[in-house]
Structures are given as C-alpha cells and as structure tokens.
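Peer 1: Mind looking over this structure? Questions follow.
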Amino acid sequence: QVQLVESGGSSVQAGGSLTLSCTASGWNYVRNCMGWFRQAPGKEREGVATIYTAGDITQYSDSVKGRFTISRDNAKNTLSLQMNGLKPEDTAMYYCAADRDVHLPWKECGLRGDEYFDWGQGTQVTVSS
C-alpha cells in the first residue's frame, strides 16, 4: 500500500521558519515528480514547489520563490520543504504529492495537482501576524 505521510506543521509567528517532511512508503519514487501543495479555507489548491527526484530539478510558485526550498532524500524516500520568512498568507493545509510516471531523461515537474497520483493527508501550517 502506497502512503505519503506529512509532518512538521505547526503554528508560528510571521517571519518564522518551519520544515515540513513527507515520508513515502510502498513505492520508491525514482525518476518521478514529487511536490508540495497547499489549500487554505475557501481557496483553491495551489502548487507550492515540485522536484524531479532523479535530478533535483525544482519549480516554485511565485508566491514562495526565494523563501521556500524543496529537497528530496532518495535514500530515505523522503521529501522536505524548508519554509523561511513565513507570512500569514502562507497559512494552509500542506500536502505532499507524487506521480508514478517515469520521466526520462528528466522533467520540469508541474505545479498542477492533477498531474499527481499519490497524496498525503496533509499537515496544518498557521502563521500569525
């Protein structure tokens, strides 16, 4: 059974930092796309950051570029999101996602949620002003 389990969500003040982690089991994501998405109450799901697992090719939404960093540990089958300079508008449920398509020789992984197949249950990030 494939599972993605997020952790690391918390409540922080504006300007603070958090690191989210996603542990995958049941599937070894090699040469796949993985990413972080978020959804705030009343808003559509937004792609935050994605990574091609075999080459560290990353994509970021304009809203987080320069503040967030996505990374991948293939040996541990984990995905991380380092979030610095957090703003109240970053408040949302954050989800880890992955696709199962093998991309050769590489891919700039998209920020659209419908490109991803496996999803975690989410971890809440709340940023207060």
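Ordering of the structure tokens sets the chain letters (A, B, ...); residue numbers start at 1 within each chain; ligands are numbered from 1 in the order shown.
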Please provide as a PyMOL selection string all residues within 12 Å of A:Ala40, with the sequence filter that same-chain residues fewer than 4 positions apart are discarded (counting only C-alpha atoms).

Peer 2: chain A and resi 44-47+88-95+122-127

Peer 1: Include N, CA, C and O atoms and write out the residues we just selected as a CSV table (one decimal), in the first residue's frame.

Peer 2:
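Output (selection.csv):
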```
chain,number,residue,atom,x,y,z
A,44,GLU,N,-8.7,27.7,-3.7
A,44,GLU,CA,-8.3,26.5,-4.5
A,44,GLU,C,-6.9,26.0,-4.0
A,44,GLU,O,-6.1,26.7,-3.5
A,45,ARG,N,-6.7,24.7,-4.3
A,45,ARG,CA,-5.4,24.1,-4.0
A,45,ARG,C,-4.4,24.8,-4.9
A,45,ARG,O,-4.6,25.1,-6.1
A,46,GLU,N,-3.2,25.0,-4.3
A,46,GLU,CA,-2.1,25.7,-5.0
A,46,GLU,C,-0.9,24.9,-5.0
A,46,GLU,O,-0.5,24.4,-3.9
A,47,GLY,N,-0.2,24.8,-6.1
A,47,GLY,CA,1.1,24.1,-6.2
A,47,GLY,C,2.1,25.0,-5.6
A,47,GLY,O,2.2,26.2,-6.1
A,88,PRO,N,1.5,35.4,7.0
A,88,PRO,CA,0.1,35.0,7.3
A,88,PRO,C,-0.6,34.3,6.1
A,88,PRO,O,-1.3,33.4,6.3
A,89,GLU,N,-0.3,34.8,4.9
A,89,GLU,CA,-0.9,34.2,3.7
A,89,GLU,C,-0.4,32.8,3.4
A,89,GLU,O,-0.9,32.2,2.5
A,90,ASP,N,0.6,32.4,4.1
A,90,ASP,CA,1.1,31.0,3.9
A,90,ASP,C,0.3,30.0,4.7
A,90,ASP,O,0.5,28.8,4.6
A,91,THR,N,-0.6,30.5,5.5
A,91,THR,CA,-1.5,29.6,6.3
A,91,THR,C,-2.3,28.8,5.5
A,91,THR,O,-3.0,29.2,4.6
A,92,ALA,N,-2.2,27.5,5.6
A,92,ALA,CA,-2.9,26.5,4.8
A,92,ALA,C,-2.7,25.1,5.3
A,92,ALA,O,-1.8,24.9,6.1
A,93,MET,N,-3.4,24.1,4.8
A,93,MET,CA,-3.1,22.7,4.9
A,93,MET,C,-2.1,22.4,3.8
A,93,MET,O,-2.4,22.7,2.6
A,94,TYR,N,-1.0,21.8,4.1
A,94,TYR,CA,0.1,21.5,3.2
A,94,TYR,C,0.0,20.0,2.9
A,94,TYR,O,0.1,19.2,3.8
A,95,TYR,N,0.1,19.6,1.6
A,95,TYR,CA,0.0,18.3,1.2
A,95,TYR,C,1.2,17.9,0.4
A,95,TYR,O,1.7,18.7,-0.5
A,122,GLY,N,-2.0,15.6,4.7
A,122,GLY,CA,-1.8,17.0,5.0
A,122,GLY,C,-1.3,17.3,6.4
A,122,GLY,O,-1.5,16.5,7.3
A,123,THR,N,-0.7,18.4,6.5
A,123,THR,CA,-0.2,18.9,7.8
A,123,THR,C,-0.5,20.4,7.8
A,123,THR,O,-0.3,21.1,6.8
A,124,GLN,N,-1.0,20.9,8.9
A,124,GLN,CA,-1.5,22.3,9.0
A,124,GLN,C,-0.4,23.2,9.4
A,124,GLN,O,0.4,23.0,10.3
A,125,VAL,N,-0.3,24.3,8.6
A,125,VAL,CA,0.6,25.4,8.9
A,125,VAL,C,-0.2,26.7,9.2
A,125,VAL,O,-1.0,27.1,8.3
A,126,THR,N,0.0,27.3,10.3
A,126,THR,CA,-0.7,28.5,10.7
A,126,THR,C,0.3,29.6,11.0
A,126,THR,O,1.2,29.4,11.9
A,127,VAL,N,0.2,30.7,10.3
A,127,VAL,CA,1.2,31.8,10.5
A,127,VAL,C,0.4,33.0,11.0
A,127,VAL,O,-0.5,33.5,10.4
```

Peer 1: Mind the document's chain letters and residue numbers, and return as a PyMOL selection string the residues of chain A that DSSP labels strand (DSSP E).

Peer 2: chain A and resi 3-7+11-13+18-25+33-39+46-52+57-60+68-73+78-83+92-98+118-119+123-128

Peer 1: Measuring between only C-alpha atoms, which one of A:Ser7, A:Ser17, A:Met34, A:Val48 shows the shortest distance to A:Asn84?

Peer 2: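 Closest to A:Asn84 of all the choices is A:Ser17.
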
Peer 1: Show me, as a list in words, the residues that have an atom within 8 Å of A:Ala14 when counting only C-alpha atoms, minus same-chain residues fewer than 5 positions from it.

Peer 2: Gly85, Leu86, Lys87, Pro88, Val127, Ser128 and Ser129 of chain A

Peer 1: Any chance you can output those residues with C-alpha atoms as a PDB file, in the first residue's frame?

Peer 2:
```pdb
ATOM      1  CA  GLY A  85      10.133  34.154   6.112  1.00  0.00           C
ATOM      2  CA  LEU A  86       6.650  32.812   6.694  1.00  0.00           C
ATOM      3  CA  LYS A  87       3.727  35.153   6.110  1.00  0.00           C
ATOM      4  CA  PRO A  88       0.109  34.963   7.312  1.00  0.00           C
ATOM      5  CA  VAL A 127       1.174  31.801  10.537  1.00  0.00           C
ATOM      6  CA  SER A 128       0.059  34.600  12.828  1.00  0.00           C
ATOM      7  CA  SER A 129       0.876  38.267  12.353  1.00  0.00           C
TER       8      SER A 129
END
```

Peer 1: Name all residues at most 8 Å from A:Phe68 (count only C-alpha atoms; drop same-chain ones fewer than 4 positions away) and give them as a PyMOL selection string.

Peer 2: chain A and resi 64+81-84

Peer 1: Would you save the residues of that selection, restricted to N, CA and C atoms, as a PDB file, in the first residue's frame?

Peer 2:
```pdb
ATOM      1  N   VAL A  64       6.136  31.823  -3.309  1.00  0.00           N
ATOM      2  CA  VAL A  64       7.081  31.294  -2.313  1.00  0.00           C
ATOM      3  C   VAL A  64       8.524  31.324  -2.784  1.00  0.00           C
ATOM      4  N   LEU A  81      10.261  20.344   2.847  1.00  0.00           N
ATOM      5  CA  LEU A  81      10.010  21.721   2.415  1.00  0.00           C
ATOM      6  C   LEU A  81      10.482  22.644   3.532  1.00  0.00           C
ATOM      7  N   GLN A  82      11.573  23.345   3.297  1.00  0.00           N
ATOM      8  CA  GLN A  82      12.069  24.330   4.243  1.00  0.00           C
ATOM      9  C   GLN A  82      11.382  25.645   3.937  1.00  0.00           C
ATOM     10  N   MET A  83      10.695  26.185   4.934  1.00  0.00           N
ATOM     11  CA  MET A  83       9.929  27.419   4.746  1.00  0.00           C
ATOM     12  C   MET A  83      10.494  28.504   5.649  1.00  0.00           C
ATOM     13  N   ASN A  84      11.008  29.547   5.048  1.00  0.00           N
ATOM     14  CA  ASN A  84      11.549  30.682   5.781  1.00  0.00           C
ATOM     15  C   ASN A  84      10.731  31.935   5.482  1.00  0.00           C
TER      16      ASN A  84
END
```

Peer 1: Within 9 Å of A:Tyr52, counting only C-alpha atoms, which residues qualify if same-chain residues fewer than 4 places away don't, as a VMD selection string?

Peer 2: chain A and resid 30 to 35 56 to 58 72 103 106 to 109

Peer 1: With N, CA, C and O atoms retained, could you export that selection as a short mmCIF file (atom, residue, chain, number, x, y, z; two decimals), in the first residue's frame?

Peer 2:
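Result file is part-v3.cif:
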```
data_model
loop_
_atom_site.label_atom_id
_atom_site.label_comp_id
_atom_site.auth_asym_id
_atom_site.auth_seq_id
_atom_site.Cartn_x
_atom_site.Cartn_y
_atom_site.Cartn_z
N VAL A 30 11.62 7.11 -7.88
CA VAL A 30 12.85 7.38 -8.60
C VAL A 30 12.47 7.81 -10.01
O VAL A 30 11.68 7.16 -10.66
N ARG A 31 13.05 8.92 -10.45
CA ARG A 31 12.73 9.49 -11.77
C ARG A 31 11.25 9.86 -11.88
O ARG A 31 10.64 9.75 -12.94
N ASN A 32 10.70 10.28 -10.72
CA ASN A 32 9.31 10.74 -10.67
C ASN A 32 9.28 12.21 -10.27
O ASN A 32 10.30 12.80 -9.95
N CYS A 33 8.09 12.76 -10.27
CA CYS A 33 7.86 14.10 -9.75
C CYS A 33 7.23 14.01 -8.37
O CYS A 33 6.33 13.18 -8.15
N MET A 34 7.69 14.83 -7.46
CA MET A 34 7.08 14.97 -6.15
C MET A 34 6.90 16.46 -5.89
O MET A 34 7.62 17.29 -6.45
N GLY A 35 5.94 16.76 -5.02
CA GLY A 35 5.72 18.18 -4.77
C GLY A 35 4.95 18.45 -3.51
O GLY A 35 4.43 17.55 -2.85
N ASP A 56 17.02 16.68 -8.96
CA ASP A 56 16.86 17.90 -8.17
C ASP A 56 16.47 19.10 -9.01
O ASP A 56 16.87 20.24 -8.71
N ILE A 57 15.71 18.89 -10.05
CA ILE A 57 15.17 19.99 -10.84
C ILE A 57 13.92 20.46 -10.12
O ILE A 57 13.00 19.69 -9.89
N THR A 58 13.90 21.74 -9.75
CA THR A 58 12.83 22.25 -8.92
C THR A 58 12.02 23.34 -9.61
O THR A 58 12.51 24.01 -10.52
N ARG A 72 14.88 16.52 -1.57
CA ARG A 72 14.50 15.12 -1.63
C ARG A 72 15.68 14.26 -1.16
O ARG A 72 16.82 14.51 -1.56
N HIS A 103 9.98 9.56 -15.73
CA HIS A 103 10.31 10.64 -16.65
C HIS A 103 11.78 10.56 -17.02
O HIS A 103 12.66 10.68 -16.18
N TRP A 106 14.69 13.63 -18.03
CA TRP A 106 14.40 14.47 -16.88
C TRP A 106 13.11 15.20 -17.16
O TRP A 106 12.53 15.10 -18.26
N LYS A 107 12.64 15.95 -16.15
CA LYS A 107 11.37 16.67 -16.33
C LYS A 107 11.32 17.87 -15.40
O LYS A 107 11.79 17.79 -14.26
N GLU A 108 10.80 18.96 -15.90
CA GLU A 108 10.43 20.09 -15.03
C GLU A 108 9.02 19.80 -14.54
O GLU A 108 8.06 19.93 -15.29
N CYS A 109 8.94 19.39 -13.30
CA CYS A 109 7.67 18.91 -12.76
C CYS A 109 6.70 20.08 -12.57
O CYS A 109 7.06 21.12 -12.02
#
```

Peer 1: Pick the closest to A:Lys65 from A:Thr50, A:Thr78, A:Ser11, A:Gln1: which is it, counting only C-alpha atoms?

Peer 2: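 Going through A:Thr50, A:Thr78, A:Ser11, A:Gln1 one by one, the smallest distance to A:Lys65 is for A:Thr50.
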
Peer 1: For stretch 112-118 of chain A, list every protein, DNA or RNA residue within 6 Å, evaluated using only C-alpha atoms, and leave out those in the same chain fewer than 6 positions away; present the list as a list in words.

Peer 2: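 Returned residues: Ala97, Ala98 and Asp99 of chain A.
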